[in-house]
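Chemist: Pasting in a structure now, in structure tokens, and then I'll have a few things to ask.
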Amino acid sequence: MDYLPGGWALQGSPRNARLVGTCQNARMTSLRELSESDLEGVVEINNAGYPAVPLVTLEEIRSLYELSSYRMAALNDKGEIVGFALAMNPGADYDSENYVFFEGRFENHLYIDRIVFADSARGLGLGTALYEHLFDFARTQGRTAVTCEVNLEPPNPGSLRFHRRFGFEDVDTQATKGGSVVVQLLQAPLA
């Protein structure tokens, strides 16, 4: 068992670990791998996070799920999904402007396409637990960096602060979606 700060522990391998322990308000929470049967709920959580993340259809999230090498769900004490993360290895057949940017500059990275939580799950430490698990996964896969982007326009300052705490550094900025969105492109080197 791998112990994490705040009374959390991971049981199992990085790909199939369950997060056990207590978080704020004495709620029990766990992580588990997403399954295809979870995707309708994932769409709801994702679309409630707009404009911090783009709106998606079930077909679009299914495509992202299939491209992802890392697909984890955060569950509340009732076993309901309250957050998720999807990340991709290099070489995926994915035409996202941001993924393509990183593919041109990093050979061995894990690209986080999205991490989204329901409003009810924010501030409970689940993002930290999920990212700690994701970083462990990237290391076990031999990745040298974790990459992602955060919106500057429309602004998402909370996400930018969160990523800075995990050692993400600025790589560049980029206008996407025909100029309607500007992102900060970030990377966190893995030691």
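Following the order of the structure tokens, chains are lettered A, B, ..., residues in each are numbered from 1, and ligands are numbered from 1.
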Pick out the residues sitting within 12 Å of Leu64 (chain A), and hand them over as a list of chain:residue names; count only C-alpha atoms, and ignore anything fewer than 6 positions along from it in its own chain.

Modeler: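 Residues near the query, excluding close chain neighbours: A:Leu34, A:Glu36, A:Leu39, A:Val42, A:Val43, A:Val56, A:Thr57, A:Leu58, A:Tyr70, A:Arg71, A:Ala85, A:Leu86, A:Ala87, A:Met88, A:Ala92, A:Asp93, A:Tyr94, A:Asp95, A:Ser96, A:Tyr111, A:Ile112, A:Asp113, A:Arg114.
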
Chemist: Could those residues be written to a file, using N, CA and C atoms, as a compact mmCIF listing (two decimals), in the first residue's frame?

Modeler:
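And here's part09.txt as it stands now:
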# COMPACT_ATOMS: atom_id res chain seq x y z
N LEU A 34 -12.12 4.05 -15.28
CA LEU A 34 -13.39 4.28 -15.96
C LEU A 34 -13.72 3.07 -16.83
N GLU A 36 -16.68 1.80 -20.03
CA GLU A 36 -17.58 2.37 -21.04
C GLU A 36 -18.95 2.67 -20.47
N LEU A 39 -19.60 6.35 -19.25
CA LEU A 39 -19.39 7.50 -20.13
C LEU A 39 -20.55 8.50 -20.17
N VAL A 42 -19.91 10.70 -17.33
CA VAL A 42 -18.72 11.49 -17.63
C VAL A 42 -19.09 12.70 -18.50
N VAL A 43 -19.96 12.49 -19.49
CA VAL A 43 -20.41 13.59 -20.34
C VAL A 43 -21.10 14.66 -19.50
N VAL A 56 -18.92 18.25 -24.90
CA VAL A 56 -18.73 17.04 -25.70
C VAL A 56 -20.03 16.25 -25.79
N THR A 57 -20.12 15.45 -26.84
CA THR A 57 -21.22 14.49 -26.99
C THR A 57 -20.75 13.15 -26.44
N LEU A 58 -21.66 12.22 -26.32
CA LEU A 58 -21.30 10.87 -25.88
C LEU A 58 -20.32 10.24 -26.87
N TYR A 70 -4.74 6.44 -19.90
CA TYR A 70 -5.07 6.68 -18.49
C TYR A 70 -6.50 7.17 -18.44
N ARG A 71 -7.36 6.42 -17.75
CA ARG A 71 -8.78 6.79 -17.65
C ARG A 71 -9.28 6.39 -16.27
N ALA A 85 -10.40 11.70 -15.10
CA ALA A 85 -9.24 12.19 -15.85
C ALA A 85 -9.02 11.26 -17.03
N LEU A 86 -8.67 11.86 -18.17
CA LEU A 86 -8.30 11.12 -19.38
C LEU A 86 -6.96 11.65 -19.86
N ALA A 87 -6.03 10.74 -20.13
CA ALA A 87 -4.70 11.14 -20.60
C ALA A 87 -4.21 10.16 -21.66
N MET A 88 -3.36 10.66 -22.56
CA MET A 88 -2.92 9.89 -23.72
C MET A 88 -1.41 9.79 -23.81
N ALA A 92 -0.70 8.86 -30.25
CA ALA A 92 -2.14 8.62 -30.43
C ALA A 92 -2.63 9.31 -31.70
N ASP A 93 -3.64 8.75 -32.31
CA ASP A 93 -4.23 9.32 -33.52
C ASP A 93 -5.28 10.36 -33.10
N TYR A 94 -4.79 11.48 -32.61
CA TYR A 94 -5.65 12.51 -32.01
C TYR A 94 -5.29 13.85 -32.62
N ASP A 95 -6.28 14.55 -33.17
CA ASP A 95 -5.99 15.78 -33.90
C ASP A 95 -6.23 17.06 -33.10
N SER A 96 -6.32 16.96 -31.78
CA SER A 96 -6.44 18.16 -30.94
C SER A 96 -5.26 19.10 -31.20
N TYR A 111 -0.02 13.06 -22.05
CA TYR A 111 -0.81 14.27 -22.28
C TYR A 111 -2.15 14.15 -21.56
N ILE A 112 -2.43 15.08 -20.65
CA ILE A 112 -3.71 15.10 -19.95
C ILE A 112 -4.70 15.86 -20.83
N ASP A 113 -5.67 15.15 -21.37
CA ASP A 113 -6.67 15.80 -22.19
C ASP A 113 -7.70 16.52 -21.33
N ARG A 114 -8.08 15.90 -20.24
CA ARG A 114 -8.98 16.60 -19.32
C ARG A 114 -9.02 15.94 -17.96

Chemist: Where does DSSP see strand (DSSP E or B) in region 38-185 of chain A, if you list the residues as a PyMOL selection string?

Modeler: chain A and resi 70-75+81-88+109-117+145-153+169-176+181-185

Chemist: Kindly export the residues of the current selection with C-alpha atoms, as a tab-separated table (two decimals), in the first residue's frame.

Modeler:
chain	number	residue	atom	x	y	z
A	70	TYR	CA	-5.07	6.68	-18.49
A	71	ARG	CA	-8.78	6.79	-17.65
A	72	MET	CA	-9.67	7.12	-14.01
A	73	ALA	CA	-12.81	8.01	-12.09
A	74	ALA	CA	-13.08	9.57	-8.65
A	75	LEU	CA	-16.03	8.21	-6.66
A	81	ILE	CA	-18.55	9.26	-10.16
A	82	VAL	CA	-17.79	12.85	-9.17
A	83	GLY	CA	-14.72	13.40	-11.33
A	84	PHE	CA	-12.52	11.85	-13.97
A	85	ALA	CA	-9.24	12.19	-15.85
A	86	LEU	CA	-8.30	11.12	-19.38
A	87	ALA	CA	-4.70	11.14	-20.60
A	88	MET	CA	-2.92	9.89	-23.72
A	109	HIS	CA	5.09	12.55	-22.55
A	110	LEU	CA	1.71	11.70	-21.04
A	111	TYR	CA	-0.81	14.27	-22.28
A	112	ILE	CA	-3.71	15.10	-19.95
A	113	ASP	CA	-6.67	15.80	-22.19
A	114	ARG	CA	-8.98	16.60	-19.32
A	115	ILE	CA	-9.57	16.39	-15.62
A	116	VAL	CA	-13.02	17.49	-14.47
A	117	PHE	CA	-14.88	17.36	-11.15
A	145	ALA	CA	7.01	14.63	-18.74
A	146	VAL	CA	3.31	15.21	-18.16
A	147	THR	CA	1.77	17.79	-20.50
A	148	CYS	CA	-1.52	19.68	-20.56
A	149	GLU	CA	-3.10	23.04	-21.21
A	150	VAL	CA	-5.14	25.44	-19.09
A	151	ASN	CA	-7.46	28.11	-20.43
A	152	LEU	CA	-6.27	31.70	-20.22
A	153	GLU	CA	-9.31	32.93	-22.21
A	169	GLU	CA	6.01	25.01	-16.18
A	170	ASP	CA	5.00	27.28	-19.06
A	171	VAL	CA	5.91	26.00	-22.51
A	172	ASP	CA	3.95	28.44	-24.71
A	173	THR	CA	0.52	29.96	-25.27
A	174	GLN	CA	-1.75	29.13	-28.16
A	175	ALA	CA	-5.04	30.36	-29.59
A	176	THR	CA	-7.37	27.46	-30.40
A	181	VAL	CA	-9.94	30.08	-26.67
A	182	VAL	CA	-6.37	30.90	-25.59
A	183	VAL	CA	-4.50	28.28	-23.59
A	184	GLN	CA	-1.33	28.14	-21.53
A	185	LEU	CA	0.58	25.05	-22.64

Chemist: Would you list, as number ranges by chain, the residues of region 28-188 of chain A that end up in alpha helix (DSSP H) under DSSP run on this structure's backbone?

Modeler: A: 39-48, 58-67, 97-103, 126-140, 157-165

Chemist: Using only C-alpha atoms, which of the listed residues (A:Val53, A:Ser30, A:Thr144, A:Ser69) sits closest to Ser159 (chain A)?

Modeler: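 Checking each of A:Val53, A:Ser30, A:Thr144, A:Ser69 against Ser159 (chain A), counting only C-alpha atoms, the winner is A:Val53.
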
Chemist: What does the distance from CA of Gly167 (chain A) to CA of Gly142 (chain A) come to in Å, to one decimal?

Modeler: 18.1 Å

Chemist: Which is closer to Leu186 (chain A) than all the others in A:Ile45, A:Leu130, A:Ile61, A:Leu160, using only C-alpha atoms?

Modeler: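 When distances to Leu186 (chain A) are compared using only C-alpha atoms, the smallest one comes from A:Leu160.
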
Chemist: Pick from A:Thr140, A:Asn108, A:Asn156, A:Leu124: nearest to Pro189 (chain A), with only C-alpha atoms counted?

Modeler: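 Nearest to Pro189 (chain A): A:Asn108.
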
Chemist: Got a sec: who's within 9 Å of Phe162 (chain A), counting only C-alpha atoms, leaving out chain neighbours fewer than 5 positions off, as a PyMOL selection string?

Modeler: chain A and resi 127-128+157

Chemist: Work out how far CA of Glu44 (chain A) is from CA of Asp77 (chain A), in Å to one decimal.

Modeler: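 Calculated distance between CA of Asp77 (chain A) and CA of Glu44 (chain A) is 19.1 Å.
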
Chemist: Would you mind telling me which residue in A:Phe102, A:Glu97, A:Glu80, A:Glu60 lies nearest to Gly41 (chain A) when using only C-alpha atoms?

Modeler: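 Result for the nearest residue to Gly41 (chain A): A:Glu80.
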